[in-house]
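K.L.:
File name query-v6.csv; file contents CSV, C-alpha atoms and all ligand atoms; full text below.
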chain,number,residue,atom,x,y,z
A,1,MET,CA,2.2,-32.2,8.6
A,2,ARG,CA,3.4,-29.4,10.8
A,3,ASP,CA,1.3,-28.0,13.6
A,4,ILE,CA,1.1,-24.2,14.0
A,5,ALA,CA,-0.5,-22.9,17.2
A,6,ALA,CA,-3.2,-20.3,16.7
A,7,ASP,CA,-1.9,-18.1,19.5
A,8,LYS,CA,1.4,-17.7,17.7
A,9,ILE,CA,-0.5,-16.3,14.8
A,10,THR,CA,-2.4,-13.9,17.0
A,11,ASP,CA,0.9,-12.8,18.6
A,12,GLY,CA,2.6,-12.3,15.2
A,13,VAL,CA,-0.4,-10.3,13.8
A,14,ARG,CA,-0.6,-8.1,17.0
A,15,GLN,CA,3.1,-7.2,16.8
A,16,ALA,CA,3.0,-6.7,13.0
A,17,CYS,CA,0.0,-4.2,13.3
A,18,ILE,CA,1.9,-2.1,15.9
A,19,GLU,CA,5.2,-2.1,14.1
A,20,ALA,CA,3.7,-1.5,10.6
A,21,CYS,CA,1.8,1.6,11.9
A,22,ARG,CA,5.0,3.1,13.5
A,23,ASP,CA,7.8,2.1,11.3
A,24,LEU,CA,7.9,3.0,7.6
A,25,PRO,CA,9.8,0.3,5.6
A,26,ASP,CA,13.3,1.3,4.7
A,27,ASP,CA,12.6,0.9,0.9
A,28,VAL,CA,9.8,3.5,1.1
A,29,LEU,CA,11.9,5.9,3.2
A,30,ASP,CA,14.9,5.5,0.7
A,31,ALA,CA,12.5,6.2,-2.2
A,32,LEU,CA,11.3,9.4,-0.5
A,33,LYS,CA,14.9,10.5,0.1
A,34,ARG,CA,15.8,9.8,-3.6
A,35,SER,CA,12.9,11.8,-4.8
A,36,LEU,CA,14.2,14.9,-3.1
A,37,GLU,CA,16.9,14.9,-5.8
A,38,ILE,CA,14.4,15.1,-8.7
A,39,GLU,CA,11.6,17.2,-7.3
A,40,ASP,CA,11.4,20.6,-9.0
A,41,SER,CA,8.0,22.0,-8.1
A,42,PRO,CA,7.4,25.7,-7.7
A,43,ALA,CA,9.7,27.6,-5.4
A,44,THR,CA,8.7,28.7,-1.9
A,45,PHE,CA,9.7,32.0,-0.4
A,46,CYS,CA,12.2,32.3,2.3
A,47,SER,CA,11.8,34.6,5.3
A,48,ALA,CA,13.3,37.5,3.4
A,49,GLY,CA,10.5,37.2,0.9
A,50,THR,CA,12.6,36.1,-2.0
A,51,SER,CA,12.1,32.8,-3.8
A,52,CYS,CA,14.7,30.1,-3.0
A,53,PRO,CA,15.7,27.7,-5.7
A,54,ARG,CA,16.7,25.0,-3.2
A,55,ARG,CA,13.3,25.1,-1.4
A,56,THR,CA,10.2,24.2,-3.4
A,57,ARG,CA,6.8,23.3,-2.2
A,58,GLY,CA,7.3,19.7,-3.3
A,59,ARG,CA,10.7,19.4,-1.6
A,60,ASP,CA,9.2,20.9,1.6
A,61,VAL,CA,6.5,18.3,1.6
A,62,LEU,CA,9.0,15.5,1.0
A,63,GLU,CA,11.3,16.7,3.8
A,64,GLN,CA,8.4,16.8,6.2
A,65,LEU,CA,7.3,13.3,5.3
A,66,ILE,CA,10.8,12.0,5.9
A,67,GLU,CA,10.9,13.9,9.3
A,68,ASN,CA,7.5,12.6,10.2
A,69,ALA,CA,8.7,9.0,9.5
A,70,ARG,CA,11.8,9.6,11.7
A,71,ILE,CA,9.7,10.9,14.6
A,72,ALA,CA,7.2,8.0,14.3
A,73,ARG,CA,10.0,5.5,14.4
A,74,GLU,CA,12.0,7.1,17.2
A,75,GLU,CA,9.1,8.0,19.4
A,76,GLN,CA,7.0,4.9,18.6
A,77,MET,CA,4.0,6.8,17.3
A,78,PRO,CA,1.7,6.1,14.3
A,79,ILE,CA,3.0,7.5,11.0
A,80,CYS,CA,-0.5,8.8,10.2
A,81,GLN,CA,-3.7,9.2,12.3
A,82,ASP,CA,-5.5,6.9,9.8
A,83,THR,CA,-4.2,3.6,10.8
A,84,GLY,CA,-6.3,1.9,8.2
A,85,ILE,CA,-8.4,-1.2,7.7
A,86,VAL,CA,-6.0,-4.2,8.0
A,87,LEU,CA,-5.4,-6.3,4.9
A,88,VAL,CA,-3.8,-9.7,5.7
A,89,PHE,CA,-2.2,-11.8,3.0
A,90,VAL,CA,-1.7,-15.4,4.2
A,91,GLU,CA,0.4,-18.0,2.5
A,92,ILE,CA,-0.2,-21.4,4.2
A,93,GLY,CA,1.6,-24.5,3.2
A,94,GLN,CA,-0.6,-27.5,2.3
A,95,ASP,CA,1.3,-29.5,4.9
A,96,ALA,CA,0.7,-27.0,7.7
A,97,HIS,CA,-2.1,-27.5,10.3
A,98,VAL,CA,-3.4,-24.7,12.5
A,99,ILE,CA,-4.2,-26.0,16.0
A,100,GLY,CA,-5.8,-24.5,19.1
A,101,GLY,CA,-8.1,-22.2,17.2
A,102,ASP,CA,-9.4,-20.9,13.9
A,103,LEU,CA,-7.0,-19.2,11.5
A,104,THR,CA,-9.3,-16.2,10.7
A,105,GLU,CA,-10.3,-15.7,14.3
A,106,ALA,CA,-6.6,-15.9,15.4
A,107,ILE,CA,-5.8,-13.1,12.9
A,108,ASN,CA,-8.7,-10.9,14.0
A,109,GLU,CA,-7.7,-11.4,17.7
A,110,GLY,CA,-4.2,-10.2,16.7
A,111,VAL,CA,-5.7,-7.1,15.1
A,112,ARG,CA,-7.9,-6.5,18.1
A,113,GLN,CA,-4.9,-6.7,20.5
A,114,GLY,CA,-2.5,-4.7,18.3
A,115,TYR,CA,-4.9,-1.8,17.8
A,116,ASN,CA,-5.7,-1.7,21.5
A,117,GLU,CA,-2.1,-2.1,22.8
A,118,GLY,CA,-0.7,0.3,20.1
A,119,TYR,CA,-3.3,3.0,20.7
A,120,LEU,CA,-4.2,2.8,17.0
A,121,ARG,CA,-7.3,4.4,15.6
A,122,ARG,CA,-10.3,2.0,15.0
A,123,SER,CA,-11.5,2.7,11.6
A,124,VAL,CA,-13.8,-0.2,10.7
A,125,VAL,CA,-17.7,0.0,10.6
A,126,ARG,CA,-19.8,-3.2,10.8
A,127,HIS,CA,-21.9,-2.4,7.7
A,128,PRO,CA,-21.2,0.1,4.9
A,129,LEU,CA,-24.7,1.7,5.3
A,130,ASP,CA,-25.4,1.8,9.1
A,131,ARG,CA,-21.8,3.0,9.8
A,132,VAL,CA,-21.5,1.6,13.4
A,133,ASN,CA,-17.8,1.3,14.4
A,134,THR,CA,-16.9,-2.2,15.4
A,135,GLY,CA,-14.7,-0.7,18.2
A,136,ASP,CA,-11.6,-2.9,17.7
A,137,ASN,CA,-10.7,-2.4,14.0
A,138,THR,CA,-11.9,-5.9,13.1
A,139,PRO,CA,-12.6,-7.7,10.9
A,140,ALA,CA,-9.5,-7.7,8.9
A,141,VAL,CA,-9.7,-8.3,5.1
A,142,VAL,CA,-8.0,-11.7,4.9
A,143,TYR,CA,-6.7,-13.3,1.7
A,144,THR,CA,-5.6,-16.9,2.0
A,145,GLU,CA,-3.5,-18.8,-0.5
A,146,ILE,CA,-2.6,-22.4,-0.2
A,147,VAL,CA,1.0,-23.1,-1.3
A,148,PRO,CA,3.4,-26.1,-1.3
A,149,GLY,CA,5.3,-26.9,2.0
A,150,ASP,CA,4.5,-26.5,5.7
A,151,HIS,CA,5.2,-22.9,6.4
A,152,LEU,CA,2.9,-20.0,7.2
A,153,LYS,CA,3.8,-16.5,5.9
A,154,ILE,CA,1.6,-13.5,6.8
A,155,THR,CA,1.8,-10.0,5.5
A,156,VAL,CA,-0.1,-7.3,7.4
A,157,CYS,CA,-0.9,-4.1,5.5
A,158,PRO,CA,-2.9,-1.3,7.3
A,159,LYS,CA,-4.5,0.4,4.3
A,160,GLY,CA,-5.6,4.1,4.7
A,161,GLY,CA,-9.1,5.1,3.6
A,162,GLY,CA,-8.0,8.2,1.7
A,163,CYS,CA,-5.9,6.4,-0.9
A,164,GLU,CA,-8.2,3.4,-1.0
A,165,ASN,CA,-11.1,5.6,-2.0
A,166,MET,CA,-9.2,6.8,-5.0
A,167,SER,CA,-8.5,3.3,-6.3
A,168,ALA,CA,-10.4,2.0,-9.3
A,169,ALA,CA,-11.1,-1.0,-11.6
A,170,LYS,CA,-12.4,-1.3,-15.1
A,171,MET,CA,-13.2,-4.0,-17.6
A,172,LEU,CA,-11.5,-2.9,-20.8
A,173,THR,CA,-11.7,-5.0,-24.0
A,174,PRO,CA,-8.7,-6.3,-25.9
A,175,ALA,CA,-9.2,-3.5,-28.5
A,176,HIS,CA,-8.3,-0.9,-25.8
A,177,GLY,CA,-4.8,-2.6,-25.6
A,178,ARG,CA,-1.8,-1.1,-24.0
A,179,GLU,CA,-2.9,2.5,-24.8
A,180,GLY,CA,-6.2,1.9,-23.0
A,181,VAL,CA,-4.5,0.5,-19.9
A,182,ASN,CA,-2.1,3.5,-19.8
A,183,ARG,CA,-4.9,6.0,-20.2
A,184,PHE,CA,-6.9,4.4,-17.4
A,185,VAL,CA,-4.0,4.3,-15.0
A,186,VAL,CA,-2.9,7.9,-15.6
A,187,GLU,CA,-6.4,9.2,-15.5
A,188,THR,CA,-7.0,7.5,-12.1
A,189,VAL,CA,-3.9,9.2,-10.7
A,190,ARG,CA,-4.7,12.6,-12.2
A,191,GLU,CA,-8.4,12.6,-11.0
A,192,ALA,CA,-7.3,11.5,-7.6
A,193,GLY,CA,-5.2,14.6,-7.3
A,194,PRO,CA,-4.1,15.3,-3.7
A,195,ASN,CA,-6.7,12.9,-2.1
A,196,PRO,CA,-4.5,9.8,-1.9
A,197,CYS,CA,-1.7,11.7,-0.1
A,198,PRO,CA,1.0,11.6,-2.9
A,199,PRO,CA,3.7,10.7,-3.6
A,200,VAL,CA,1.9,7.4,-4.1
A,201,ILE,CA,2.9,3.9,-5.0
A,202,VAL,CA,0.6,2.8,-7.9
A,203,GLY,CA,-0.3,-0.9,-7.9
A,204,VAL,CA,-1.6,-2.1,-11.3
A,205,GLY,CA,-3.4,-5.5,-11.6
A,206,LEU,CA,-3.8,-6.6,-15.2
A,207,GLY,CA,-5.7,-9.6,-16.4
A,208,GLY,CA,-7.6,-12.5,-14.7
A,209,THR,CA,-11.1,-11.3,-13.9
A,210,LEU,CA,-12.4,-8.2,-12.2
A,211,GLU,CA,-11.7,-9.4,-8.6
A,212,LYS,CA,-8.4,-11.1,-9.7
A,213,ALA,CA,-7.1,-7.8,-11.2
A,214,ALA,CA,-8.1,-5.9,-8.0
A,215,LEU,CA,-6.2,-8.5,-5.8
A,216,LEU,CA,-3.2,-8.3,-8.1
A,217,SER,CA,-3.2,-4.5,-7.8
A,218,LYS,CA,-3.1,-4.9,-4.0
A,219,LYS,CA,-0.3,-7.4,-4.1
A,220,ALA,CA,1.6,-5.0,-6.4
A,221,ILE,CA,1.8,-2.3,-3.7
A,222,LEU,CA,3.6,-4.8,-1.3
A,223,ARG,CA,6.6,-5.2,-3.6
A,224,LYS,CA,9.8,-3.3,-2.6
A,225,VAL,CA,9.5,0.2,-3.9
A,226,GLY,CA,10.9,0.4,-7.4
A,227,GLU,CA,11.9,-3.2,-7.7
A,228,PRO,CA,11.0,-4.1,-11.3
A,229,SER,CA,8.7,-6.9,-12.3
A,230,PRO,CA,10.5,-10.1,-13.3
A,231,ASN,CA,8.2,-10.2,-16.4
A,232,PRO,CA,9.9,-8.0,-19.1
A,233,VAL,CA,6.5,-6.9,-20.5
A,234,ASP,CA,5.3,-5.7,-17.1
A,235,ALA,CA,8.7,-4.1,-16.3
A,236,GLU,CA,8.6,-2.0,-19.5
A,237,LEU,CA,5.0,-1.0,-18.7
A,238,GLU,CA,6.1,0.1,-15.2
A,239,ARG,CA,8.8,2.4,-16.6
A,240,GLU,CA,6.4,3.9,-19.1
A,241,LEU,CA,3.6,4.4,-16.6
A,242,LEU,CA,5.9,5.9,-13.9
A,243,GLU,CA,7.0,8.5,-16.4
A,244,ALA,CA,3.5,9.3,-17.6
A,245,VAL,CA,2.1,9.4,-14.0
A,246,ASN,CA,4.9,11.8,-13.0
A,247,GLU,CA,4.1,14.0,-15.9
A,248,THR,CA,0.6,14.7,-14.5
A,249,GLY,CA,2.2,17.3,-12.3
A,250,VAL,CA,0.1,16.4,-9.2
A,251,GLY,CA,3.3,16.3,-7.1
A,252,PRO,CA,3.9,15.8,-3.4
A,253,ALA,CA,0.7,16.4,-1.4
A,254,GLY,CA,-0.9,17.7,-4.7
A,255,TYR,CA,1.0,21.0,-4.6
A,256,GLY,CA,2.4,20.4,-8.0
A,257,GLY,CA,5.8,18.9,-9.0
A,258,ARG,CA,7.5,15.9,-10.6
A,259,VAL,CA,7.2,13.3,-7.8
A,260,THR,CA,3.5,12.2,-8.0
A,261,ALA,CA,4.5,8.5,-7.6
A,262,LEU,CA,7.5,6.8,-6.1
A,263,ALA,CA,6.9,3.7,-8.2
A,264,VAL,CA,4.4,1.9,-10.4
A,265,HIS,CA,4.3,-1.9,-9.9
A,266,VAL,CA,2.4,-4.1,-12.4
A,267,GLU,CA,1.3,-7.7,-11.6
A,268,SER,CA,-0.4,-9.6,-14.5
A,269,TYR,CA,-2.3,-12.8,-15.0
A,270,PRO,CA,-3.7,-14.7,-18.1
A,271,CYS,CA,-7.3,-13.7,-19.0
A,272,HIS,CA,-10.2,-14.5,-21.2
A,273,ILE,CA,-9.9,-13.8,-25.0
A,274,ALA,CA,-12.7,-11.2,-24.8
A,275,SER,CA,-11.4,-9.4,-21.6
A,276,LEU,CA,-8.8,-6.9,-20.5
A,277,PRO,CA,-9.4,-6.3,-16.8
A,278,VAL,CA,-7.4,-3.6,-15.1
A,279,ALA,CA,-7.3,-2.4,-11.5
A,280,VAL,CA,-5.4,0.4,-9.9
A,281,THR,CA,-4.7,0.5,-6.2
A,282,LEU,CA,-3.3,3.8,-5.0
A,283,GLN,CA,-1.1,3.5,-1.9
A,284,CYS,CA,-0.2,6.7,-0.1
A,285,HIS,CA,3.3,7.6,1.1
A,286,ALA,CA,2.4,5.9,4.4
A,287,ALA,CA,3.0,2.6,2.7
A,288,ARG,CA,2.9,0.4,5.8
A,289,HIS,CA,3.3,-3.3,5.9
A,290,ARG,CA,5.0,-6.1,7.8
A,291,THR,CA,5.7,-9.7,7.0
A,292,PHE,CA,6.5,-12.6,9.3
A,293,SER,CA,6.8,-16.3,9.0
A,294,ILE,CA,6.1,-19.2,11.4
B,1,LIG,S1,-4.2,8.3,2.6
B,1,LIG,FE1,-2.5,7.5,3.8
B,1,LIG,S2,-1.3,9.3,4.5
B,1,LIG,FE2,-3.4,10.0,3.8
B,1,LIG,S3,-4.6,10.1,5.6
B,1,LIG,FE3,-4.9,8.1,4.7
B,1,LIG,S4,-3.4,6.8,5.7
B,1,LIG,FE4,-2.8,8.9,6.1
Could you spell out this file's structure in structure tokens?
P.N.:
Amino acid sequence: MRDIAADKITDGVRQACIEACRDLPDDVLDALKRSLEIEDSPATFCSAGTSCPRRTRGRDVLEQLIENARIAREEQMPICQDTGIVLVFVEIGQDAHVIGGDLTEAINEGVRQGYNEGYLRRSVVRHPLDRVNTGDNTPAVVYTEIVPGDHLKITVCPKGGGCENMSAAKMLTPAHGREGVNRFVVETVREAGPNPCPPVIVGVGLGGTLEKAALLSKKAILRKVGEPSPNPVDAELERELLEAVNETGVGPAGYGGRVTALAVHVESYPCHIASLPVAVTLQCHAARHRTFSI
């Protein structure tokens, strides 16, 4: 049994909150840069009043997003004013023992300190109906998984409200099949339009139960952008869905264009013979997350 001090967890979460909000992961940044090569949305007009084939609305948006990420990283400022509700994914080894405090409280204290120290916006209300701000961005939404070994791995993901509001889940039946899944995913992206701040990363959770599918769709957005699923069925679905989503024409910031999504990631799980649960988490271009291990 390995002891892990609660204050180390607090410190790791504090630092991860600050870094995640200021520093867009390289894989997301690289995907934005690559998308400049394929974006062909309507042309914008240059100062002389003529349309310029190299400058399109979509490309302008992508260039601004890349510049915004550079400024945030260099000047240590938040990538976006919405610094999110904090999702925390914990993998704790069955041979690890948290000492000197409670795991969940250690995480919440890290969020509290990080949002205070990093001057990050507090966006959490204590109840969905009375809407009173908790004042410190807690509580985090914590998912804990017990795994073999004695390590602790924590991923912190500040999740923006705009894209979260556009996410969706549905209980399909087996008769809906692959076509039904594709239709639901594409319609979710199309109906969301500019609201989730595209280009998005589309996380698709397939199978399990309603809540399992939703959780899988959240885990899917954490994968490196464009890294295919190791499951060949899911990998093929990812390719098919990315093409279909980018044919919706929503484009960067919803101004029209090819790059509506940087990637579609599918995570699947066995399910009941009568069910076909599917969930879609939309992650905006500010795809922030940080992982650390103790
Ligand atoms: S959806 Fe994302 S980019 Fe848009 S405002 Fe929210 S956090 Fe910012």
K.L.:
What lies within 10 Å of Glu247 of chain A using all atoms listed in the file, ignoring chain neighbours under 4 positions off, as an mmCIF file with C-alpha atoms, keeping the file's coordinate frame?
P.N.:
data_model
loop_
_atom_site.group_PDB
_atom_site.id
_atom_site.type_symbol
_atom_site.label_atom_id
_atom_site.label_comp_id
_atom_site.auth_asym_id
_atom_site.auth_seq_id
_atom_site.Cartn_x
_atom_site.Cartn_y
_atom_site.Cartn_z
ATOM 1 C CA VAL A 186 -2.900 7.900 -15.600
ATOM 2 C CA ARG A 190 -4.700 12.600 -12.200
ATOM 3 C CA LEU A 241 3.600 4.400 -16.600
ATOM 4 C CA LEU A 242 5.900 5.900 -13.900
ATOM 5 C CA GLU A 243 7.000 8.500 -16.400
ATOM 6 C CA GLY A 251 3.300 16.300 -7.100
ATOM 7 C CA GLY A 257 5.800 18.900 -9.000
ATOM 8 C CA ARG A 258 7.500 15.900 -10.600
ATOM 9 C CA VAL A 259 7.200 13.300 -7.800
ATOM 10 C CA THR A 260 3.500 12.200 -8.000
ATOM 11 C CA ALA A 261 4.500 8.500 -7.600
#
K.L.:
Find the residue from A:Thr10, A:Ser123, A:Ser217, A:Thr83 that sits nearest to ligand LIG 1 (chain B); use only C-alpha atoms and all ligand atoms when measuring.
P.N.:
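Distance minimum relative to ligand LIG 1 (chain B) lands on A:Thr83.
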K.L.:
What separation in Å, quoted to one decimal, exists between atom CA of Thr173 of chain A and atom CA of Leu276 of chain A?
P.N.:
4.9 Å
K.L.:
List the neighbours of segment 200-215 of chain A out to 7 Å using only C-alpha atoms; skip same-chain residues closer than 5 positions along the sequence, and give me the result as a PyMOL selection string.
P.N.:
chain A and resi 169+171+220-221+260-271+276-285
K.L.:
For chain A versus ligand LIG 1 (chain B), which residues have an atom no more than 7 Å away, and what is each residue's nearest atom pair and distance in Å rounded to one decimal, using only C-alpha atoms and all ligand atoms, chain-then-number order, as JSON lines?
P.N.:
{"residue": "A:Cys80", "atom": "CA", "partner": "B:LIG1", "partner_atom": "FE4", "distance": 4.7}
{"residue": "A:Gln81", "atom": "CA", "partner": "B:LIG1", "partner_atom": "FE4", "distance": 6.3}
{"residue": "A:Asp82", "atom": "CA", "partner": "B:LIG1", "partner_atom": "S4", "distance": 4.6}
{"residue": "A:Thr83", "atom": "CA", "partner": "B:LIG1", "partner_atom": "S4", "distance": 6.1}
{"residue": "A:Gly84", "atom": "CA", "partner": "B:LIG1", "partner_atom": "S4", "distance": 6.2}
{"residue": "A:Lys159", "atom": "CA", "partner": "B:LIG1", "partner_atom": "S4", "distance": 6.6}
{"residue": "A:Gly160", "atom": "CA", "partner": "B:LIG1", "partner_atom": "S4", "distance": 3.6}
{"residue": "A:Gly161", "atom": "CA", "partner": "B:LIG1", "partner_atom": "FE3", "distance": 5.3}
{"residue": "A:Gly162", "atom": "CA", "partner": "B:LIG1", "partner_atom": "S1", "distance": 3.9}
{"residue": "A:Cys163", "atom": "CA", "partner": "B:LIG1", "partner_atom": "S1", "distance": 4.3}
{"residue": "A:Pro196", "atom": "CA", "partner": "B:LIG1", "partner_atom": "S1", "distance": 4.8}
{"residue": "A:Cys197", "atom": "CA", "partner": "B:LIG1", "partner_atom": "FE2", "distance": 4.6}
{"residue": "A:Cys284", "atom": "CA", "partner": "B:LIG1", "partner_atom": "FE1", "distance": 4.6}
{"residue": "A:His285", "atom": "CA", "partner": "B:LIG1", "partner_atom": "S2", "distance": 6.0}
{"residue": "A:Ala286", "atom": "CA", "partner": "B:LIG1", "partner_atom": "S2", "distance": 5.0}
K.L.:
For Gly100 of chain A, list every protein, DNA or RNA residue within 12 Å, evaluated using only C-alpha atoms, and leave out those in the same chain fewer than 2 positions away; present the list as an MDAnalysis selection string.
P.N.:
chainID A and resid 3:10 97:98 102:103 105:106
K.L.:
So that I can check the surroundings of Pro174 of chain A, please list as a list of chain:residue names every protein, DNA and RNA residue that reaches within 9 Å of it, counting all atoms listed in the file and ignoring chain neighbours fewer than 5 positions away.
P.N.:
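Non-adjacent residues within range: A:Ile273, A:Ala274, A:Ser275, A:Leu276.
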K.L.:
Please list, as a list in words, the residues that have an atom at most 12 Å away from (13.3, -4.6, -11.7) in the coordinates of this file, counting only C-alpha atoms.
P.N.:
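Residues satisfying the cut-off, written out: Arg223, Lys224, Val225, Gly226, Glu227, Pro228, Ser229, Pro230, Asn231, Pro232, Val233, Asp234, Ala235, Glu236, Leu237, Glu238, Arg239, Ala263, Val264, His265 and Val266 of chain A.
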K.L.:
Using only C-alpha atoms, can you tell me which of A:Leu222, A:Ala253, A:Met77, A:Val142 comes closest to Val90 of chain A?
P.N.:
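Comparing A:Leu222, A:Ala253, A:Met77, A:Val142 against Val90 of chain A, the winner is A:Val142.
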K.L.:
Name the residues in contact with Gly193 of chain A at a cut-off of 7 Å, using all atoms listed in the file, excluding same-chain residues fewer than 3 positions from it; report them as an MDAnalysis selection string.
P.N.:
chainID A and resid 189:190 250 254
K.L.:
If I take atom CA of Arg57 of chain A and atom CA of Pro194 of chain A, how far is one from the other in Å, to one decimal?
P.N.:
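It comes out at 13.6 Å.
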K.L.:
With distances taken over all atoms listed in the file, which residue among A:Ile154, A:Ile66, A:Ala168, A:Leu32 lies nearest Lys218 of chain A?
P.N.:
A:Ala168
K.L.:
When distances are computed from all atoms listed in the file, which of A:Val61, A:Val13, A:Val88, A:Ala69 shows the smallest separation from Glu39 of chain A?
P.N.:
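Comparing A:Val61, A:Val13, A:Val88, A:Ala69 against Glu39 of chain A, the winner is A:Val61.
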K.L.:
Save segment 222-258 of chain A to a file: C-alpha atoms, as a short mmCIF file (atom, residue, chain, number, x, y, z; two decimals), in the first residue's frame.
P.N.:
data_model
loop_
_atom_site.label_atom_id
_atom_site.label_comp_id
_atom_site.auth_asym_id
_atom_site.auth_seq_id
_atom_site.Cartn_x
_atom_site.Cartn_y
_atom_site.Cartn_z
CA LEU A 222 -9.67 13.97 -23.82
CA ARG A 223 -7.95 11.79 -26.43
CA LYS A 224 -5.20 13.45 -28.50
CA VAL A 225 -6.89 15.27 -31.35
CA GLY A 226 -7.24 13.00 -34.36
CA GLU A 227 -5.67 9.94 -32.72
CA PRO A 228 -7.84 7.08 -34.02
CA SER A 229 -9.61 4.64 -31.71
CA PRO A 230 -7.74 1.33 -31.31
CA ASN A 231 -11.06 -0.39 -32.02
CA PRO A 232 -11.33 -0.72 -35.86
CA VAL A 233 -15.15 -0.41 -35.84
CA ASP A 234 -15.00 2.83 -33.85
CA ALA A 235 -12.07 4.13 -35.93
CA GLU A 236 -14.06 3.64 -39.13
CA LEU A 237 -17.06 5.40 -37.56
CA GLU A 238 -14.80 8.29 -36.57
CA ARG A 239 -13.64 8.78 -40.18
CA GLU A 240 -17.19 8.55 -41.51
CA LEU A 241 -18.56 10.96 -38.92
CA LEU A 242 -15.79 13.54 -39.34
CA GLU A 243 -16.53 13.73 -43.05
CA ALA A 244 -20.29 14.01 -42.44
CA VAL A 245 -19.91 16.63 -39.70
CA ASN A 246 -17.63 18.75 -41.88
CA GLU A 247 -20.18 18.55 -44.69
CA THR A 248 -22.71 20.41 -42.53
CA GLY A 249 -20.98 23.64 -43.57
CA VAL A 250 -21.18 25.21 -40.08
CA GLY A 251 -17.47 26.12 -40.27
CA PRO A 252 -15.18 28.05 -37.90
CA ALA A 253 -17.24 30.21 -35.50
CA GLY A 254 -20.30 29.23 -37.55
CA TYR A 255 -19.42 31.55 -40.46
CA GLY A 256 -19.59 28.68 -42.93
CA GLY A 257 -16.81 26.46 -44.21
CA ARG A 258 -15.31 22.99 -44.16
#
